[in-house]
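Enquirer: My file is run.cif. It has mmCIF, C-alpha atoms:
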```cif
data_input
#
loop_
_atom_site.label_atom_id
_atom_site.label_comp_id
_atom_site.auth_asym_id
_atom_site.auth_seq_id
_atom_site.Cartn_x
_atom_site.Cartn_y
_atom_site.Cartn_z
CA MET A 13 77.02 88.48 79.13
CA PRO A 14 79.88 90.07 77.14
CA ASP A 15 83.26 88.34 77.16
CA PHE A 16 86.75 89.80 77.23
CA GLY A 17 87.69 91.17 73.84
CA SER A 18 84.11 91.94 72.79
CA SER A 19 83.28 95.34 71.38
CA ASP A 20 80.93 95.99 74.30
CA LEU A 21 83.69 95.37 76.82
CA ASP A 22 86.15 97.44 74.82
CA ALA A 23 83.67 100.32 74.85
CA PHE A 24 83.17 99.96 78.60
CA ARG A 25 86.94 99.92 79.14
CA GLN A 26 87.23 103.26 77.38
CA THR A 27 84.34 104.68 79.40
CA ALA A 28 85.85 103.48 82.68
CA ARG A 29 89.32 104.74 81.74
CA GLN A 30 88.00 108.19 80.88
CA TRP A 31 85.93 108.45 84.08
CA LEU A 32 88.87 107.40 86.25
CA GLU A 33 91.20 109.88 84.54
CA GLU A 34 88.71 112.69 85.13
CA ASN A 35 87.72 111.84 88.70
CA LEU A 36 90.70 110.32 90.55
CA PRO A 37 92.51 113.18 92.36
CA ALA A 38 96.14 113.54 91.31
CA SER A 39 97.38 113.37 94.90
CA LEU A 40 96.03 109.82 95.27
CA ARG A 41 97.89 108.69 92.15
CA ARG A 42 101.21 109.79 93.62
CA ASP A 43 100.84 107.58 96.70
CA PRO A 44 98.18 104.88 96.11
CA ASP A 45 99.43 102.69 98.97
CA ALA A 46 98.96 105.51 101.47
CA ALA A 47 95.46 106.05 100.08
CA ALA A 48 94.66 102.35 100.51
CA GLU A 49 95.88 102.48 104.11
CA ALA A 50 93.70 105.53 104.81
CA PHE A 51 90.62 103.86 103.33
CA ALA A 52 91.23 100.78 105.49
CA GLY A 53 91.49 102.88 108.65
CA HIS A 54 88.84 104.22 110.99
CA GLU A 55 89.59 107.94 110.86
CA GLU A 56 87.30 110.41 109.11
CA LEU A 57 88.54 111.13 105.60
CA GLU A 58 89.36 114.65 104.48
CA GLY A 59 90.39 116.46 101.31
CA ASP A 60 91.02 114.34 98.22
CA LEU A 61 90.41 111.12 100.15
CA ALA A 62 86.89 112.23 101.04
CA LEU A 63 86.29 113.57 97.52
CA TRP A 64 87.30 110.29 95.87
CA LYS A 65 85.08 108.32 98.25
CA GLN A 66 82.15 110.59 97.46
CA ARG A 67 82.65 110.25 93.70
CA MET A 68 82.97 106.47 93.81
CA GLY A 69 79.93 106.22 96.08
CA GLU A 70 77.82 108.35 93.76
CA LYS A 71 78.96 106.34 90.76
CA GLY A 72 78.23 103.04 92.49
CA TRP A 73 81.61 101.62 91.53
CA GLY A 74 82.67 100.91 95.10
CA VAL A 75 80.29 97.94 94.81
CA PRO A 76 80.26 97.60 91.04
CA THR A 77 78.05 94.51 90.62
CA TRP A 78 75.38 95.50 93.15
CA PRO A 79 71.99 96.67 91.79
CA LYS A 80 71.80 100.33 90.83
CA ARG A 81 68.50 100.77 92.67
CA TYR A 82 70.39 100.22 95.94
CA GLY A 83 73.36 102.40 95.03
CA GLY A 84 75.53 99.86 93.19
CA GLY A 85 77.09 100.07 89.76
CA ASP A 86 74.91 97.39 88.10
CA LEU A 87 77.95 96.10 86.19
CA THR A 88 78.35 92.58 84.92
CA PRO A 89 81.17 90.49 86.47
CA ALA A 90 83.15 90.93 83.24
CA GLU A 91 82.73 94.72 83.38
CA ALA A 92 83.73 94.69 87.06
CA ARG A 93 86.94 92.86 86.15
CA VAL A 94 87.68 95.47 83.49
CA LEU A 95 87.03 98.24 86.01
CA ALA A 96 89.44 96.61 88.47
CA GLU A 97 92.09 96.36 85.77
CA GLU A 98 91.69 100.03 84.86
CA MET A 99 91.82 101.06 88.51
CA ALA A 100 95.02 99.04 88.99
CA ARG A 101 96.50 100.63 85.86
CA ILE A 102 95.98 104.15 87.16
CA GLY A 103 96.76 103.36 90.81
CA ALA A 104 93.21 103.96 92.03
CA ARG A 105 92.22 102.33 95.32
CA ASN A 106 88.62 101.44 96.14
CA PRO A 107 87.62 103.75 99.00
CA ILE A 108 84.51 101.75 99.90
CA GLY A 109 84.96 98.46 101.72
CA GLY A 110 84.78 96.77 105.09
CA MET A 111 82.51 94.03 106.34
CA GLY A 112 79.43 95.71 104.94
CA VAL A 113 80.82 95.29 101.42
CA MET A 114 82.75 92.05 101.82
CA MET A 115 80.30 90.02 103.90
CA PHE A 116 77.01 91.50 105.03
CA GLY A 117 75.87 93.40 101.94
CA PRO A 118 76.06 90.46 99.50
CA THR A 119 74.30 88.24 102.04
CA LEU A 120 71.51 90.73 102.68
CA LEU A 121 70.98 91.15 98.94
CA GLU A 122 70.25 87.44 98.82
CA TYR A 123 68.18 86.99 102.00
CA GLY A 124 66.90 90.42 103.08
CA ALA A 125 63.37 91.78 102.83
CA GLU A 126 62.82 94.73 100.50
CA GLU A 127 62.50 97.16 103.42
CA GLN A 128 65.82 95.93 104.83
CA LEU A 129 67.54 96.25 101.46
CA ALA A 130 66.26 99.79 100.94
CA ARG A 131 67.37 100.80 104.43
CA HIS A 132 70.80 99.17 104.73
CA ILE A 133 72.32 98.60 101.29
CA PRO A 134 72.57 102.22 99.99
CA PRO A 135 74.58 103.45 103.03
CA ILE A 136 76.96 100.51 102.57
CA ALA A 137 77.34 101.31 98.87
CA ARG A 138 78.24 104.91 99.76
CA GLY A 139 80.58 103.87 102.57
CA GLU A 140 78.59 105.76 105.18
CA LEU A 141 78.24 103.07 107.86
CA ARG A 142 80.56 100.52 109.44
CA TRP A 143 79.46 96.98 110.24
CA CYS A 144 80.89 94.33 112.55
CA GLN A 145 80.24 90.60 112.90
CA GLY A 146 78.77 89.02 116.04
CA PHE A 147 79.41 85.32 115.46
CA SER A 148 82.13 83.76 117.64
CA GLU A 149 81.75 83.42 121.39
CA PRO A 150 84.23 82.43 124.13
CA GLY A 151 82.94 78.85 124.02
CA SER A 152 81.83 78.79 120.38
CA GLY A 153 84.60 79.26 117.84
CA SER A 154 85.14 76.37 115.46
CA ASP A 155 81.87 74.90 116.74
CA LEU A 156 79.99 78.09 115.97
CA ALA A 157 76.54 76.49 116.12
CA SER A 158 76.96 75.93 119.88
CA LEU A 159 76.61 79.70 120.48
CA GLN A 160 74.64 80.75 123.56
CA THR A 161 73.87 84.47 123.13
CA LYS A 162 70.09 84.46 123.42
CA ALA A 163 67.31 86.62 122.03
CA GLU A 164 63.97 86.34 123.85
CA ASP A 165 60.72 87.25 122.11
CA LYS A 166 59.16 90.18 123.97
CA GLY A 167 56.29 90.90 121.59
CA ASP A 168 57.40 93.86 119.49
CA HIS A 169 61.12 93.29 120.09
CA PHE A 170 63.81 90.77 121.01
CA LEU A 171 65.76 91.07 124.26
CA VAL A 172 69.38 90.06 123.65
CA ASN A 173 71.82 88.89 126.33
CA GLY A 174 75.21 87.30 125.88
CA GLN A 175 78.80 87.81 124.81
CA LYS A 176 80.68 87.73 121.51
CA ILE A 177 84.43 87.55 120.96
CA TRP A 178 86.81 88.59 118.15
CA THR A 179 84.30 91.14 116.85
CA SER A 180 86.58 93.03 114.46
CA GLY A 181 86.19 96.79 114.63
CA ALA A 182 83.27 96.66 117.08
CA GLN A 183 84.55 99.79 118.84
CA TYR A 184 84.09 101.72 115.57
CA ALA A 185 81.02 99.98 114.13
CA ASP A 186 77.57 101.51 113.68
CA TRP A 187 75.80 98.16 113.27
CA CYS A 188 76.39 94.48 114.01
CA PHE A 189 75.06 91.46 112.12
CA CYS A 190 74.68 88.93 114.88
CA LEU A 191 73.79 85.27 115.42
CA VAL A 192 71.55 84.64 118.42
CA ARG A 193 69.78 81.65 119.88
CA THR A 194 66.01 82.08 119.65
CA ASP A 195 64.97 78.48 120.41
CA PRO A 196 67.07 76.88 123.15
CA LYS A 197 65.12 73.61 122.87
CA ALA A 198 65.82 73.04 119.17
CA LYS A 199 68.84 71.28 117.74
CA LYS A 200 71.77 73.66 117.89
CA HIS A 201 71.78 74.41 114.15
CA GLU A 202 68.01 74.92 114.06
CA GLY A 203 67.49 77.36 116.91
CA ILE A 204 69.63 80.22 115.61
CA SER A 205 68.44 83.52 114.12
CA PHE A 206 70.19 86.35 112.26
CA LEU A 207 69.67 89.78 113.86
CA LEU A 208 70.83 93.30 112.99
CA ILE A 209 71.79 95.27 116.09
CA ASP A 210 72.38 99.02 116.26
CA MET A 211 75.64 99.39 118.20
CA LYS A 212 74.35 102.58 119.83
CA THR A 213 71.56 100.65 121.54
CA PRO A 214 71.78 100.76 125.37
CA GLY A 215 73.36 97.59 126.74
CA VAL A 216 75.90 97.09 123.91
CA GLU A 217 79.48 97.28 125.20
CA PRO A 218 82.54 96.53 123.02
CA ARG A 219 85.89 96.09 124.81
CA PRO A 220 89.02 96.17 122.59
CA ILE A 221 91.53 93.31 122.89
CA LEU A 222 95.25 94.14 122.69
CA LEU A 223 97.05 91.80 120.30
CA ILE A 224 100.67 90.67 120.17
CA ASN A 225 101.42 93.13 117.36
CA GLY A 226 100.37 96.09 119.53
CA THR A 227 97.02 96.82 117.86
CA SER A 228 93.43 96.22 118.92
CA PRO A 229 91.41 95.31 115.82
CA PHE A 230 89.29 92.80 117.76
CA CYS A 231 86.88 93.23 120.65
CA GLU A 232 84.90 91.22 123.11
CA THR A 233 81.35 92.55 122.94
CA PHE A 234 78.72 92.27 125.66
CA PHE A 235 74.95 92.47 125.19
CA THR A 236 72.98 93.19 128.35
CA ASP A 237 69.19 93.46 127.96
CA VAL A 238 69.58 94.92 124.47
CA LYS A 239 66.24 95.66 122.79
CA VAL A 240 66.21 94.81 119.07
CA PRO A 241 63.11 95.62 116.95
CA LYS A 242 61.46 92.66 115.24
CA GLU A 243 62.02 94.21 111.81
CA ASN A 244 65.76 93.66 112.33
CA LEU A 245 65.35 89.90 111.94
CA VAL A 246 66.81 88.76 108.59
CA GLY A 247 65.18 85.69 107.10
CA PRO A 248 62.88 83.38 109.05
CA LEU A 249 62.94 82.95 112.81
CA ASN A 250 65.34 80.11 113.69
CA GLY A 251 66.61 80.14 110.10
CA GLY A 252 69.83 82.02 110.78
CA TRP A 253 72.24 79.14 110.30
CA THR A 254 71.57 78.96 106.56
CA ILE A 255 72.24 82.70 106.24
CA ALA A 256 75.36 82.43 108.40
CA LYS A 257 76.86 79.69 106.23
CA ARG A 258 76.33 81.82 103.14
CA LEU A 259 77.88 84.86 104.79
CA LEU A 260 80.90 82.80 105.84
CA GLN A 261 81.49 81.88 102.21
CA HIS A 262 81.67 85.58 101.37
CA GLU A 263 84.00 86.13 104.35
CA ARG A 264 86.35 83.35 103.30
CA GLN A 265 86.41 84.65 99.74
CA GLY A 266 87.40 88.06 101.07
CA ILE A 267 90.01 86.72 103.49
CA SER A 268 91.56 84.63 100.73
CA GLY A 269 92.54 87.72 98.76
CA ALA A 270 91.07 86.25 95.58
CA ASN A 271 88.53 88.69 94.20
CA ALA A 272 85.84 88.58 91.58
CA ALA A 273 87.44 91.34 89.59
CA GLY A 274 90.33 89.08 88.68
CA ALA A 275 93.11 91.21 90.09
CA PRO A 276 95.81 89.14 91.82
CA GLY A 277 94.87 88.47 95.41
CA VAL A 278 98.51 88.27 96.50
CA THR A 279 101.03 90.55 94.82
CA PRO A 280 104.33 90.00 96.66
CA GLY A 281 106.57 89.36 93.63
CA PRO A 282 108.74 92.38 92.86
CA ALA A 283 108.43 93.81 96.36
CA LEU A 284 109.74 90.64 98.01
CA SER A 285 112.53 90.21 95.44
CA GLU A 286 113.63 93.81 95.89
CA LEU A 287 113.50 93.43 99.66
CA ALA A 288 115.73 90.36 99.48
CA THR A 289 118.35 91.96 97.23
CA THR A 290 118.41 95.06 99.43
CA TYR A 291 119.14 93.15 102.64
CA VAL A 292 120.96 90.06 101.35
CA GLY A 293 122.68 91.42 98.25
CA LYS A 294 123.56 89.95 94.83
CA ASP A 295 126.26 87.58 93.66
CA ASP A 296 128.60 88.18 90.73
CA ALA A 297 125.94 86.95 88.30
CA GLY A 298 123.44 89.53 89.56
CA ARG A 299 121.34 86.96 91.39
CA LEU A 300 120.26 86.93 95.03
CA ALA A 301 123.42 85.91 96.87
CA ASP A 302 121.88 83.22 99.09
CA ALA A 303 121.06 80.28 96.80
CA ASP A 304 118.79 78.52 99.29
CA LEU A 305 116.84 81.68 99.99
CA ARG A 306 116.67 82.37 96.26
CA GLY A 307 115.07 78.99 95.68
CA ARG A 308 112.53 79.41 98.46
CA ILE A 309 111.51 82.88 97.30
CA THR A 310 111.13 81.56 93.75
CA GLN A 311 108.94 78.74 94.99
CA HIS A 312 106.84 81.20 96.96
CA LEU A 313 106.39 83.50 93.98
CA MET A 314 105.29 80.56 91.85
CA GLU A 315 102.72 79.56 94.48
CA ALA A 316 101.49 83.15 94.77
CA GLN A 317 101.07 83.44 91.01
CA ALA A 318 99.29 80.08 90.81
CA PHE A 319 96.94 81.21 93.57
CA ALA A 320 96.20 84.51 91.80
CA LEU A 321 95.46 82.69 88.54
CA THR A 322 93.24 80.18 90.35
CA GLY A 323 91.25 83.00 91.92
CA ARG A 324 90.84 84.59 88.51
CA ARG A 325 89.71 81.29 87.00
CA ALA A 326 87.17 80.80 89.78
CA ALA A 327 85.77 84.26 89.08
CA LEU A 328 85.58 83.62 85.34
CA GLU A 329 83.83 80.29 85.86
CA ASN A 330 81.20 82.02 87.99
CA ARG A 331 79.39 83.23 84.88
CA ASN A 332 76.02 83.64 86.56
CA ASN A 333 77.46 85.71 89.42
CA ARG A 334 76.16 83.27 92.02
CA GLY A 335 78.73 84.44 94.53
CA PRO A 336 81.25 82.28 96.37
CA SER A 337 80.81 78.54 96.89
CA ALA A 338 82.61 75.84 98.85
CA VAL A 339 85.61 76.67 96.63
CA SER A 340 86.06 79.72 98.88
CA SER A 341 87.37 77.32 101.55
CA ILE A 342 90.21 76.28 99.21
CA LEU A 343 91.00 79.89 98.32
CA LYS A 344 90.88 80.92 101.96
CA ASN A 345 93.33 78.23 103.09
CA VAL A 346 95.75 78.78 100.22
CA GLY A 347 95.57 82.57 100.33
CA SER A 348 96.20 82.62 104.10
CA LYS A 349 99.22 80.35 103.73
CA VAL A 350 100.69 82.35 100.83
CA ARG A 351 100.48 85.58 102.85
CA GLN A 352 101.96 83.94 105.96
CA ASP A 353 104.82 82.50 103.89
CA ARG A 354 105.53 85.93 102.44
CA ALA A 355 105.57 87.47 105.92
CA GLU A 356 107.98 84.79 107.19
CA LEU A 357 110.31 85.31 104.21
CA SER A 358 110.18 89.10 104.62
CA VAL A 359 111.24 88.91 108.25
CA GLU A 360 113.94 86.37 107.41
CA VAL A 361 115.58 88.40 104.64
CA MET A 362 115.80 91.42 106.93
CA GLY A 363 117.92 89.47 109.39
CA HIS A 364 118.29 91.23 112.71
CA GLN A 365 116.50 94.25 111.21
CA GLY A 366 113.44 92.05 110.98
CA LEU A 367 113.34 91.50 114.74
CA GLY A 368 112.72 95.05 115.91
CA TRP A 369 109.79 96.35 117.89
CA ALA A 370 110.74 99.99 118.45
CA GLY A 371 113.70 102.36 118.44
CA GLU A 372 115.78 104.46 116.08
CA ALA A 373 117.72 101.41 114.83
CA PHE A 374 114.68 100.32 112.78
CA ASN A 375 112.85 102.21 110.05
CA ASP A 376 109.08 102.33 109.63
CA ASP A 377 109.03 99.65 106.93
CA GLU A 378 110.97 97.23 109.13
CA LEU A 379 108.70 97.80 112.11
CA GLY A 380 105.64 97.50 109.90
CA THR A 381 106.89 94.19 108.48
CA VAL A 382 107.31 92.72 111.96
CA ARG A 383 103.82 93.80 112.99
CA ALA A 384 102.29 92.48 109.76
CA TRP A 385 104.05 89.14 110.34
CA LEU A 386 102.58 88.89 113.85
CA ARG A 387 99.11 90.06 112.77
CA GLY A 388 99.08 87.55 109.91
CA LYS A 389 99.17 84.62 112.30
CA SER A 390 95.42 84.97 112.71
CA GLY A 391 94.79 84.47 108.98
CA THR A 392 94.45 80.70 109.22
CA ILE A 393 91.92 81.06 112.05
CA ALA A 394 89.70 83.95 110.96
CA GLY A 395 86.57 83.00 109.07
CA GLY A 396 86.86 79.38 110.21
CA SER A 397 90.10 77.63 111.04
CA TYR A 398 92.34 75.81 108.55
CA GLU A 399 91.00 72.50 109.85
CA ILE A 400 87.36 73.57 109.47
CA GLN A 401 88.02 74.54 105.85
CA ASN A 402 89.62 71.16 105.20
CA ASN A 403 86.48 69.47 106.54
CA ILE A 404 84.32 71.58 104.19
CA ILE A 405 86.58 70.74 101.24
CA ALA A 406 86.46 67.04 102.09
CA LYS A 407 82.68 66.89 102.40
CA ARG A 408 81.37 69.41 99.88
CA ILE A 409 83.97 69.23 97.13
CA LEU A 410 85.58 65.79 97.39
CA GLY A 411 82.41 64.05 98.58
CA LEU A 412 84.17 62.18 101.40
CA PRO A 413 82.10 60.77 104.29
CA ASP A 414 81.54 62.93 107.34
CA PRO A 415 83.59 61.39 110.19
CA THR A 416 81.40 63.11 112.79
CA ARG A 417 78.34 61.11 111.75
CA SER A 418 77.81 57.57 113.01
CA THR A 419 77.29 54.87 110.37
#
```
Will you turn the file into C-alpha cells for me?

Expert:
Amino acid sequence: MPDFGSSDLDAFRQTARQWLEENLPASLRRDPDAAAEAFAGHEELEGDLALWKQRMGEKGWGVPTWPKRYGGGDLTPAEARVLAEEMARIGARNPIGGMGVMMFGPTLLEYGAEEQLARHIPPIARGELRWCQGFSEPGSGSDLASLQTKAEDKGDHFLVNGQKIWTSGAQYADWCFCLVRTDPKAKKHEGISFLLIDMKTPGVEPRPILLINGTSPFCETFFTDVKVPKENLVGPLNGGWTIAKRLLQHERQGISGANAAGAPGVTPGPALSELATTYVGKDDAGRLADADLRGRITQHLMEAQAFALTGRRAALENRNNRGPSAVSSILKNVGSKVRQDRAELSVEVMGHQGLGWAGEAFNDDELGTVRAWLRGKSGTIAGGSYEIQNNIIAKRILGLPDPTRST
C-alpha cells in the first residue's frame, strides 16, 4: 500500500485534483455548507446538486474504498485520505451518504451473500436508496439483545410482527436493516437474525416523533404481519447478533465524527472563536474580553484538535482496512462530548441571543445554534449510550473483568 509522500500518491493527488476541478459545479464551491445541508436532507436534488451527485456516483468516489464491481472507487485507504484532503481544499461535499454508506453497506460487504451484494450495494454507492435501522425497541435500548420483534418461518418467507423505536429517517427510507427474534427459546443473544425489509411492504408503518428541537428525525415503526422473503436474511439464521455488533462499530465510528479519510471529525476552531469575539468582544490586547470564557474555549479547542488527530491516527494504523474496532467506542464517546461542549459554549457566548426559539429578535444562525444544541443531547445515547461504550472499553480494550458475570 502506498504511503503519504510516495510518487504513486502524489500522482493520484494530481489526478483527483484535476477531476474535482473539472467536475465540481462552480455554484457548489461558492456555498459548500449549503450544499452539505442539502445532501443531508430528504428532498429530491435538482440542478447542480443533482449533477454533482450523479458524477460522484458514476466515479464511485462517494464510497471511495468500496469495490469497483459494486460501484465503489476501489481506492486504498491512503488514496481515500488524499481524496478527502483534495475535496476539503476545493470545498467539495460528498453528496452520497446516510445509513447505507455509514453503517449498512460496509457490514453487508463483510457478511452478505453475492446476490445481496449485487442487488443492494450499487444503489447505495450511487445514492439512489435510503436505509433506516430497526434495532432499538421500547423495552430494548441499552439491553438491545432483549428485543422482542419476532419473525416466524412461514416456508418461503418470514412473517414479522413487532415495534421498533428511534428509527432515524424511517418515514423517508426505502429499506430497513432490522434485528428480529427467530428463536424465542434460545438465549437472547443466540435467537436473533438480521433481516432486510422493504419499507413499502404492507404492514410497515413509521410514525414520526416530535423532538424538543422541533424536528422529527426519529420514528416509532410498527410491523404488522409483514412478509419478508427468505432471501432477505443476511448471514445465518439466528446469527444476527454477530452482524449487529459489527454494524454498531461502524455506527459508532460514524457518530464519533472521526473518519477514515483523516479529515478532522470536529472542526469548531475558528468558527467558535469568531462567534465568541462577535458576541463578547475583545479587550485592549485584542483577546476575547472574558478571561474565564477564553480559557474554556481554548481548552475545548485543544480537546477538539486532540480528538481529530486521534481519529486520524486510528485511521492510519488501520493499514489493512479492517474497518472499525472497539476503539470506535472511545471515538464515539469523545466525539459526542466534544460536539456537546461546543454547542454549550456556542449558546453561552451568544448570551440572551442564544436562548431564542422564534421571532424577529433572533437571526437564522442564532435559532439554528439553539436547535443544534438541543438536538445534540442525543449524541451520547445514539449508537449505544455513554455507559455502554465505557463497558465495551473496559472489557475489550482494558481487559477488565465483566461485572455482569458471576465468579

Enquirer: Expanded to explicit residues, what is the PyMOL selection byres ((chain A and resi 233-243) around 10) for this file, as a PyMOL selection string?

Expert: chain A and resi 125+127-128+146+149+161-180+182-183+207-211+213-220+230-232+244-246

Enquirer: As a check of understanding, name the residues that the PyMOL selection byres ((chain A and resi 64-67) around 10) selects in the supplied structure, as a list in words.

Expert: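 The output of the PyMOL selection byres ((chain A and resi 64-67) around 10) on this file is Asn35, Leu36, Pro37, Leu40, Phe51, Leu57, Glu58, Gly59, Asp60, Leu61, Ala62, Leu63, Met68, Gly69, Glu70, Lys71, Gly72, Trp73, Gly74, Ala104, Arg105, Asn106, Pro107, Ile108, Arg138, Gly139 and Glu140 of chain A.
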
Enquirer: For CA of Phe206 in chain A and CA of Arg81 in chain A, determine how far apart the two atoms are, in Å to one decimal place.

Expert: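 According to the coordinates, CA of Phe206 in chain A and CA of Arg81 in chain A are separated by 24.4 Å.
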
Enquirer: Would you mind telling me which residue in A:Ala28, A:Ala338, A:Leu87, A:Ala157 lies nearest to His262 in chain A when using only C-alpha atoms?

Expert: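 Under the stated criterion, the closest residue is A:Ala338.
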
Enquirer: Dig up all the protein and nucleic acid residues within 10 Å of (75.8, 102.9, 104.4) in the file frame, using only C-alpha atoms, and format them as number ranges by chain.

Expert: A: 69, 83, 108, 112-113, 117, 131-143, 186

Enquirer: Could you spell out the hits of the PyMOL selection byres ((chain A and resi 341) around 10) on the shown file, as a PyMOL selection string?

Expert: chain A and resi 260-261+263-265+267-268+336-340+342-347+395-398+400-405+409

Enquirer: List every protein, DNA or RNA residue that has at least one atom no more than 10 Å from (71.6, 75.4, 118.3) in the file's coordinates, counting all atoms listed in the file, and write the result as a list of chain:residue names.

Expert: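 Neighbouring residues, ordered by chain and number, come to A:Leu156, A:Ala157, A:Ser158, A:Leu159, A:Gln160, A:Val192, A:Arg193, A:Thr194, A:Asp195, A:Pro196, A:Lys197, A:Ala198, A:Lys199, A:Lys200, A:His201, A:Glu202, A:Gly203, A:Ile204, A:Ser205, A:Asn250, A:Trp253.
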
Enquirer: When you look at Val359 in chain A with a cut-off of 12 Å (counting only C-alpha atoms), what residues show up, excluding the ones that are within fewer than 2 positions of it in the same chain? I need them as a PyMOL selection string.

Expert: chain A and resi 284+287-288+291-292+352-357+361-368+377-386
